[in-house]
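Participant: As input, take model17.cif (mmCIF, N, CA and C atoms):
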data_upload
loop_
_atom_site.label_atom_id
_atom_site.label_comp_id
_atom_site.auth_asym_id
_atom_site.auth_seq_id
_atom_site.Cartn_x
_atom_site.Cartn_y
_atom_site.Cartn_z
N MET A 1 -80.18 -77.00 41.89
CA MET A 1 -79.51 -78.10 42.54
C MET A 1 -79.03 -77.65 43.91
N LYS A 2 -79.24 -78.47 44.89
CA LYS A 2 -78.85 -78.18 46.26
C LYS A 2 -77.35 -78.42 46.45
N PRO A 3 -76.63 -77.48 47.08
CA PRO A 3 -75.18 -77.68 47.27
C PRO A 3 -74.92 -78.88 48.20
N ARG A 4 -73.82 -79.59 47.93
CA ARG A 4 -73.47 -80.73 48.76
C ARG A 4 -72.87 -80.24 50.07
N ARG A 5 -73.13 -80.96 51.10
CA ARG A 5 -72.67 -80.62 52.45
C ARG A 5 -71.53 -81.52 52.87
N CYS A 6 -70.78 -81.08 53.87
CA CYS A 6 -69.67 -81.83 54.43
C CYS A 6 -70.18 -83.16 54.99
N SER A 7 -69.42 -84.24 54.78
CA SER A 7 -69.81 -85.57 55.25
C SER A 7 -69.58 -85.76 56.74
N ARG A 8 -68.83 -84.90 57.36
CA ARG A 8 -68.58 -85.03 58.81
C ARG A 8 -69.87 -84.79 59.58
N SER A 9 -70.09 -85.61 60.58
CA SER A 9 -71.32 -85.47 61.36
C SER A 9 -71.35 -84.12 62.06
N ALA A 10 -72.52 -83.55 62.16
CA ALA A 10 -72.79 -82.27 62.81
C ALA A 10 -72.16 -81.08 62.09
N CYS A 11 -71.69 -81.27 60.86
CA CYS A 11 -71.15 -80.16 60.09
C CYS A 11 -72.11 -79.88 58.94
N SER A 12 -72.56 -78.66 58.83
CA SER A 12 -73.49 -78.31 57.76
C SER A 12 -72.87 -77.37 56.74
N ALA A 13 -71.55 -77.22 56.77
CA ALA A 13 -70.87 -76.34 55.82
C ALA A 13 -70.87 -76.96 54.42
N ALA A 14 -70.76 -76.12 53.42
CA ALA A 14 -70.72 -76.59 52.03
C ALA A 14 -69.42 -77.35 51.76
N ALA A 15 -69.52 -78.43 51.03
CA ALA A 15 -68.35 -79.24 50.68
C ALA A 15 -67.53 -78.54 49.60
N VAL A 16 -66.20 -78.62 49.74
CA VAL A 16 -65.29 -78.04 48.75
C VAL A 16 -64.26 -79.04 48.25
N ALA A 17 -64.18 -80.22 48.87
CA ALA A 17 -63.18 -81.22 48.52
C ALA A 17 -63.77 -82.61 48.65
N THR A 18 -63.18 -83.57 47.95
CA THR A 18 -63.62 -84.96 48.03
C THR A 18 -62.44 -85.81 48.49
N LEU A 19 -62.70 -86.67 49.44
CA LEU A 19 -61.69 -87.56 50.01
C LEU A 19 -62.00 -88.99 49.59
N THR A 20 -60.98 -89.67 49.06
CA THR A 20 -61.09 -91.09 48.73
C THR A 20 -59.89 -91.81 49.31
N TYR A 21 -60.03 -93.11 49.49
CA TYR A 21 -58.96 -93.92 50.06
C TYR A 21 -58.51 -94.97 49.06
N ALA A 22 -57.20 -95.18 48.97
CA ALA A 22 -56.62 -96.30 48.23
C ALA A 22 -56.04 -97.23 49.29
N TYR A 23 -56.86 -98.15 49.75
CA TYR A 23 -56.48 -99.00 50.88
C TYR A 23 -55.25 -99.84 50.58
N ALA A 24 -55.12 -100.36 49.37
CA ALA A 24 -53.98 -101.21 49.02
C ALA A 24 -52.66 -100.46 49.13
N GLU A 25 -52.69 -99.14 48.87
CA GLU A 25 -51.48 -98.33 48.93
C GLU A 25 -51.37 -97.55 50.24
N SER A 26 -52.31 -97.73 51.15
CA SER A 26 -52.35 -96.98 52.41
C SER A 26 -52.24 -95.48 52.13
N THR A 27 -53.10 -95.01 51.24
CA THR A 27 -53.06 -93.61 50.82
C THR A 27 -54.45 -93.01 50.85
N ALA A 28 -54.53 -91.78 51.34
CA ALA A 28 -55.75 -90.99 51.28
C ALA A 28 -55.54 -89.92 50.22
N VAL A 29 -56.51 -89.75 49.34
CA VAL A 29 -56.40 -88.77 48.25
C VAL A 29 -57.46 -87.70 48.48
N LEU A 30 -57.01 -86.46 48.64
CA LEU A 30 -57.90 -85.33 48.85
C LEU A 30 -57.78 -84.41 47.66
N GLY A 31 -58.88 -84.24 46.95
CA GLY A 31 -58.86 -83.42 45.74
C GLY A 31 -60.03 -82.48 45.70
N PRO A 32 -60.19 -81.79 44.59
CA PRO A 32 -61.32 -80.87 44.45
C PRO A 32 -62.63 -81.64 44.50
N LEU A 33 -63.70 -80.95 44.77
CA LEU A 33 -65.02 -81.57 44.87
C LEU A 33 -65.34 -82.29 43.57
N SER A 34 -65.65 -83.57 43.67
CA SER A 34 -65.97 -84.35 42.47
C SER A 34 -67.31 -83.89 41.90
N PRO A 35 -67.48 -84.03 40.59
CA PRO A 35 -68.72 -83.57 39.99
C PRO A 35 -69.94 -84.37 40.43
N TYR A 36 -69.74 -85.62 40.82
CA TYR A 36 -70.84 -86.47 41.23
C TYR A 36 -70.56 -87.07 42.60
N VAL A 37 -71.62 -87.42 43.31
CA VAL A 37 -71.48 -88.08 44.60
C VAL A 37 -71.09 -89.53 44.35
N GLU A 38 -70.00 -89.97 44.95
CA GLU A 38 -69.53 -91.34 44.81
C GLU A 38 -69.80 -92.07 46.10
N PRO A 39 -70.17 -93.37 46.03
CA PRO A 39 -70.53 -94.09 47.25
C PRO A 39 -69.38 -94.32 48.22
N HIS A 40 -68.14 -94.39 47.74
CA HIS A 40 -67.01 -94.68 48.63
C HIS A 40 -66.09 -93.48 48.80
N SER A 41 -66.64 -92.30 48.73
CA SER A 41 -65.85 -91.10 48.94
C SER A 41 -66.60 -90.19 49.92
N TYR A 42 -65.88 -89.21 50.41
CA TYR A 42 -66.43 -88.30 51.42
C TYR A 42 -66.22 -86.87 50.96
N ASP A 43 -67.27 -86.08 51.02
CA ASP A 43 -67.17 -84.66 50.70
C ASP A 43 -66.86 -83.91 51.98
N LEU A 44 -65.87 -83.01 51.92
CA LEU A 44 -65.45 -82.28 53.11
C LEU A 44 -65.50 -80.77 52.86
N CYS A 45 -65.80 -80.03 53.92
CA CYS A 45 -65.75 -78.58 53.86
C CYS A 45 -64.27 -78.17 53.95
N GLY A 46 -63.98 -76.90 53.75
CA GLY A 46 -62.61 -76.41 53.79
C GLY A 46 -61.93 -76.66 55.12
N THR A 47 -62.64 -76.44 56.21
CA THR A 47 -62.06 -76.64 57.55
C THR A 47 -61.65 -78.09 57.76
N HIS A 48 -62.55 -79.03 57.45
CA HIS A 48 -62.24 -80.44 57.67
C HIS A 48 -61.20 -80.95 56.67
N ALA A 49 -61.18 -80.40 55.47
CA ALA A 49 -60.15 -80.79 54.49
C ALA A 49 -58.77 -80.34 54.97
N ASP A 50 -58.67 -79.14 55.55
CA ASP A 50 -57.39 -78.64 56.04
C ASP A 50 -56.90 -79.41 57.27
N ARG A 51 -57.82 -79.90 58.07
CA ARG A 51 -57.47 -80.61 59.31
C ARG A 51 -57.36 -82.12 59.14
N LEU A 52 -57.40 -82.61 57.91
CA LEU A 52 -57.40 -84.05 57.66
C LEU A 52 -56.15 -84.72 58.24
N THR A 53 -56.37 -85.78 58.98
CA THR A 53 -55.27 -86.63 59.46
C THR A 53 -55.58 -88.06 59.04
N VAL A 54 -54.53 -88.86 58.87
CA VAL A 54 -54.69 -90.25 58.45
C VAL A 54 -53.98 -91.15 59.45
N PRO A 55 -54.26 -92.45 59.41
CA PRO A 55 -53.59 -93.37 60.33
C PRO A 55 -52.07 -93.36 60.15
N LEU A 56 -51.36 -93.73 61.19
CA LEU A 56 -49.91 -93.79 61.17
C LEU A 56 -49.46 -94.74 60.06
N GLY A 57 -48.51 -94.29 59.24
CA GLY A 57 -48.01 -95.09 58.14
C GLY A 57 -48.71 -94.83 56.82
N TRP A 58 -49.79 -94.07 56.84
CA TRP A 58 -50.52 -93.73 55.61
C TRP A 58 -49.96 -92.45 55.03
N ALA A 59 -50.15 -92.28 53.73
CA ALA A 59 -49.75 -91.06 53.04
C ALA A 59 -50.98 -90.29 52.62
N VAL A 60 -50.84 -88.98 52.50
CA VAL A 60 -51.93 -88.12 52.02
C VAL A 60 -51.46 -87.48 50.72
N VAL A 61 -52.25 -87.63 49.68
CA VAL A 61 -51.99 -86.97 48.40
C VAL A 61 -53.03 -85.87 48.28
N ARG A 62 -52.56 -84.63 48.21
CA ARG A 62 -53.47 -83.49 48.06
C ARG A 62 -53.36 -82.99 46.63
N ILE A 63 -54.47 -83.03 45.93
CA ILE A 63 -54.51 -82.58 44.54
C ILE A 63 -55.19 -81.23 44.52
N GLU A 64 -54.47 -80.24 44.02
CA GLU A 64 -55.02 -78.90 43.93
C GLU A 64 -56.06 -78.87 42.83
N GLY A 65 -57.14 -78.14 43.05
CA GLY A 65 -58.23 -78.07 42.09
C GLY A 65 -57.98 -77.07 41.00
N GLU A 66 -58.82 -77.16 39.97
CA GLU A 66 -58.79 -76.18 38.89
C GLU A 66 -59.33 -74.86 39.40
N SER A 67 -59.04 -73.80 38.69
CA SER A 67 -59.58 -72.51 39.07
C SER A 67 -61.08 -72.52 38.84
N LYS A 68 -61.79 -71.59 39.44
CA LYS A 68 -63.23 -71.53 39.30
C LYS A 68 -63.66 -71.26 37.86
N HIS A 69 -62.75 -70.77 37.05
CA HIS A 69 -63.07 -70.48 35.67
C HIS A 69 -62.86 -71.69 34.77
N GLY A 70 -62.44 -72.82 35.31
CA GLY A 70 -62.24 -74.03 34.52
C GLY A 70 -60.82 -74.13 34.01
N PRO A 71 -60.53 -75.20 33.28
CA PRO A 71 -59.17 -75.38 32.78
C PRO A 71 -58.83 -74.36 31.71
N ALA A 72 -57.55 -74.13 31.55
CA ALA A 72 -57.08 -73.18 30.54
C ALA A 72 -57.34 -73.74 29.16
N SER A 73 -57.41 -72.84 28.16
CA SER A 73 -57.69 -73.29 26.80
C SER A 73 -56.57 -74.19 26.29
N ASP A 74 -55.33 -73.97 26.73
CA ASP A 74 -54.22 -74.85 26.32
C ASP A 74 -54.46 -76.27 26.79
N ASP A 75 -55.00 -76.43 28.01
CA ASP A 75 -55.30 -77.75 28.53
C ASP A 75 -56.37 -78.43 27.69
N LEU A 76 -57.40 -77.67 27.32
CA LEU A 76 -58.48 -78.24 26.53
C LEU A 76 -58.00 -78.63 25.13
N GLU A 77 -57.14 -77.80 24.55
CA GLU A 77 -56.60 -78.12 23.23
C GLU A 77 -55.72 -79.37 23.29
N ALA A 78 -54.91 -79.49 24.32
CA ALA A 78 -54.06 -80.68 24.47
C ALA A 78 -54.91 -81.93 24.64
N LEU A 79 -55.99 -81.83 25.40
CA LEU A 79 -56.88 -82.97 25.58
C LEU A 79 -57.55 -83.34 24.26
N ALA A 80 -58.03 -82.35 23.52
CA ALA A 80 -58.67 -82.62 22.24
C ALA A 80 -57.67 -83.27 21.27
N ASP A 81 -56.43 -82.80 21.25
CA ASP A 81 -55.41 -83.39 20.38
C ASP A 81 -55.15 -84.85 20.75
N ALA A 82 -55.09 -85.13 22.04
CA ALA A 82 -54.84 -86.50 22.50
C ALA A 82 -56.00 -87.42 22.10
N VAL A 83 -57.22 -86.93 22.20
CA VAL A 83 -58.38 -87.75 21.81
C VAL A 83 -58.37 -87.99 20.31
N ARG A 84 -58.07 -86.95 19.54
CA ARG A 84 -58.00 -87.12 18.08
C ARG A 84 -56.92 -88.13 17.70
N GLU A 85 -55.76 -88.03 18.33
CA GLU A 85 -54.65 -88.94 18.03
C GLU A 85 -55.02 -90.38 18.39
N ALA A 86 -55.69 -90.58 19.50
CA ALA A 86 -56.07 -91.93 19.92
C ALA A 86 -57.10 -92.52 18.98
N GLY A 87 -57.92 -91.69 18.35
CA GLY A 87 -58.96 -92.18 17.46
C GLY A 87 -58.52 -92.40 16.03
N ARG A 88 -57.29 -92.02 15.70
CA ARG A 88 -56.80 -92.19 14.32
C ARG A 88 -56.54 -93.66 14.02
N PRO A 89 -57.02 -94.14 12.86
CA PRO A 89 -56.73 -95.53 12.50
C PRO A 89 -55.27 -95.68 12.07
N GLY A 90 -54.74 -96.88 12.26
CA GLY A 90 -53.39 -97.19 11.80
C GLY A 90 -52.30 -96.47 12.55
N ARG A 91 -52.41 -96.36 13.85
CA ARG A 91 -51.39 -95.68 14.65
C ARG A 91 -50.22 -96.58 14.97
N GLY A 92 -50.20 -97.80 14.39
CA GLY A 92 -49.08 -98.69 14.66
C GLY A 92 -49.34 -99.63 15.82
N THR A 93 -50.49 -99.57 16.42
CA THR A 93 -50.81 -100.50 17.49
C THR A 93 -51.61 -101.64 16.89
N ASP A 94 -51.18 -102.83 17.14
CA ASP A 94 -51.86 -104.00 16.61
C ASP A 94 -52.98 -104.42 17.56
N PRO A 95 -54.13 -104.81 17.01
CA PRO A 95 -55.19 -105.32 17.88
C PRO A 95 -54.75 -106.65 18.48
N PRO A 96 -55.34 -107.03 19.60
CA PRO A 96 -54.94 -108.30 20.21
C PRO A 96 -55.24 -109.47 19.28
N ASP A 97 -54.37 -110.46 19.31
CA ASP A 97 -54.54 -111.65 18.49
C ASP A 97 -55.68 -112.48 19.06
N PRO A 98 -56.75 -112.75 18.27
CA PRO A 98 -57.88 -113.49 18.81
C PRO A 98 -57.55 -114.92 19.19
N SER A 99 -56.44 -115.47 18.69
CA SER A 99 -56.10 -116.85 19.03
C SER A 99 -55.40 -116.97 20.38
N THR A 100 -54.96 -115.84 20.94
CA THR A 100 -54.29 -115.89 22.25
C THR A 100 -55.34 -115.83 23.35
N PRO A 101 -55.06 -116.46 24.50
CA PRO A 101 -56.02 -116.42 25.59
C PRO A 101 -56.13 -115.01 26.18
N ALA A 102 -57.18 -114.83 26.97
CA ALA A 102 -57.38 -113.52 27.60
C ALA A 102 -56.21 -113.20 28.51
N GLY A 103 -55.91 -111.94 28.64
CA GLY A 103 -54.80 -111.54 29.49
C GLY A 103 -54.97 -110.11 29.94
N ARG A 104 -53.92 -109.57 30.53
CA ARG A 104 -53.97 -108.21 31.03
C ARG A 104 -52.91 -107.38 30.32
N ARG A 105 -53.26 -106.13 30.07
CA ARG A 105 -52.32 -105.14 29.54
C ARG A 105 -52.42 -103.94 30.45
N GLY A 106 -51.48 -103.82 31.36
CA GLY A 106 -51.54 -102.71 32.32
C GLY A 106 -52.78 -102.87 33.19
N HIS A 107 -53.60 -101.87 33.24
CA HIS A 107 -54.82 -101.94 34.05
C HIS A 107 -56.02 -102.40 33.23
N LEU A 108 -55.82 -102.70 31.93
CA LEU A 108 -56.91 -103.14 31.08
C LEU A 108 -56.86 -104.65 30.92
N ARG A 109 -58.00 -105.24 30.70
CA ARG A 109 -58.08 -106.68 30.51
C ARG A 109 -58.47 -106.96 29.06
N VAL A 110 -57.75 -107.88 28.42
CA VAL A 110 -58.05 -108.27 27.05
C VAL A 110 -58.90 -109.53 27.13
N LEU A 111 -60.09 -109.48 26.53
CA LEU A 111 -60.99 -110.61 26.56
C LEU A 111 -61.07 -111.24 25.18
N PRO A 112 -61.20 -112.58 25.12
CA PRO A 112 -61.35 -113.22 23.81
C PRO A 112 -62.71 -112.88 23.23
N ARG A 113 -62.80 -112.98 21.89
CA ARG A 113 -64.10 -112.73 21.25
C ARG A 113 -65.10 -113.79 21.67
N PRO A 114 -66.36 -113.38 21.86
CA PRO A 114 -67.37 -114.38 22.22
C PRO A 114 -67.59 -115.34 21.06
N SER A 115 -67.84 -116.59 21.39
CA SER A 115 -68.02 -117.62 20.34
C SER A 115 -69.41 -117.56 19.77
#
Could you express the structure from this file as structure tokens?

Facilitator:
Amino acid sequence: MKPRRCSRSACSAAAVATLTYAYAESTAVLGPLSPYVEPHSYDLCGTHADRLTVPLGWAVVRIEGESKHGPASDDLEALADAVREAGRPGRGTDPPDPSTPAGRRGHLRVLPRPS
């Protein structure tokens, strides 16, 4: 696989970070290189990531990446426990009532059953 390059024009350095924008919040998010190329994000080399500036009034959120060796085993165990807990039946969460109209729960949308 060919290494990804910096998105800045005339820069051929290897990308080490990914930049995305949350326009509604006037925020730029700079994090570790994403595993996949996303259409609305920009891959940046270390130099351009360090020199990043945003428009006046915008915020920059810099997310530090994982170590090159990957996440710690404690992190993986915690993630596995959370997935197991979420998959357990009868956790006290009631399924949505099919007689109620569609609605929103946080960032998720509840849709009625198809007829």

Participant: Go through A:Pro114, A:Gly57, A:Pro3, A:Gly46 one by one, measure the shortest atom-to-atom distance of each to Thr27 of chain A using only C-alpha atoms, and give the residue with the smallest value.

Facilitator: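 For Thr27 of chain A, the nearest of the candidates is A:Gly57.
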
Participant: Between atom N of Arg5 of chain A and atom CA of Leu56 of chain A, what is the distance in Å, rounded to a tenth?

Facilitator: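 Atom CA of Leu56 of chain A lies at a distance of 28.4 Å from atom N of Arg5 of chain A.
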
Participant: At a cut-off of 9 Å around the point (-62.3, -81.1, 49.7) (file coordinates), what residues fall inside when counting only C-alpha atoms? I'd like the answer as a ChimeraX atom specification.

Facilitator: /A:6,15-19,30-34,42-46,48-50

Participant: Tell me, in Å to one decimal, how far atom CA of Arg4 of chain A is from atom CA of Ala24 of chain A.

Facilitator: 28.3 Å

Participant: Using atom C of Val60 of chain A and atom CA of Pro35 of chain A as the two end points, give the distance in Å to one decimal.

Facilitator: 20.7 Å
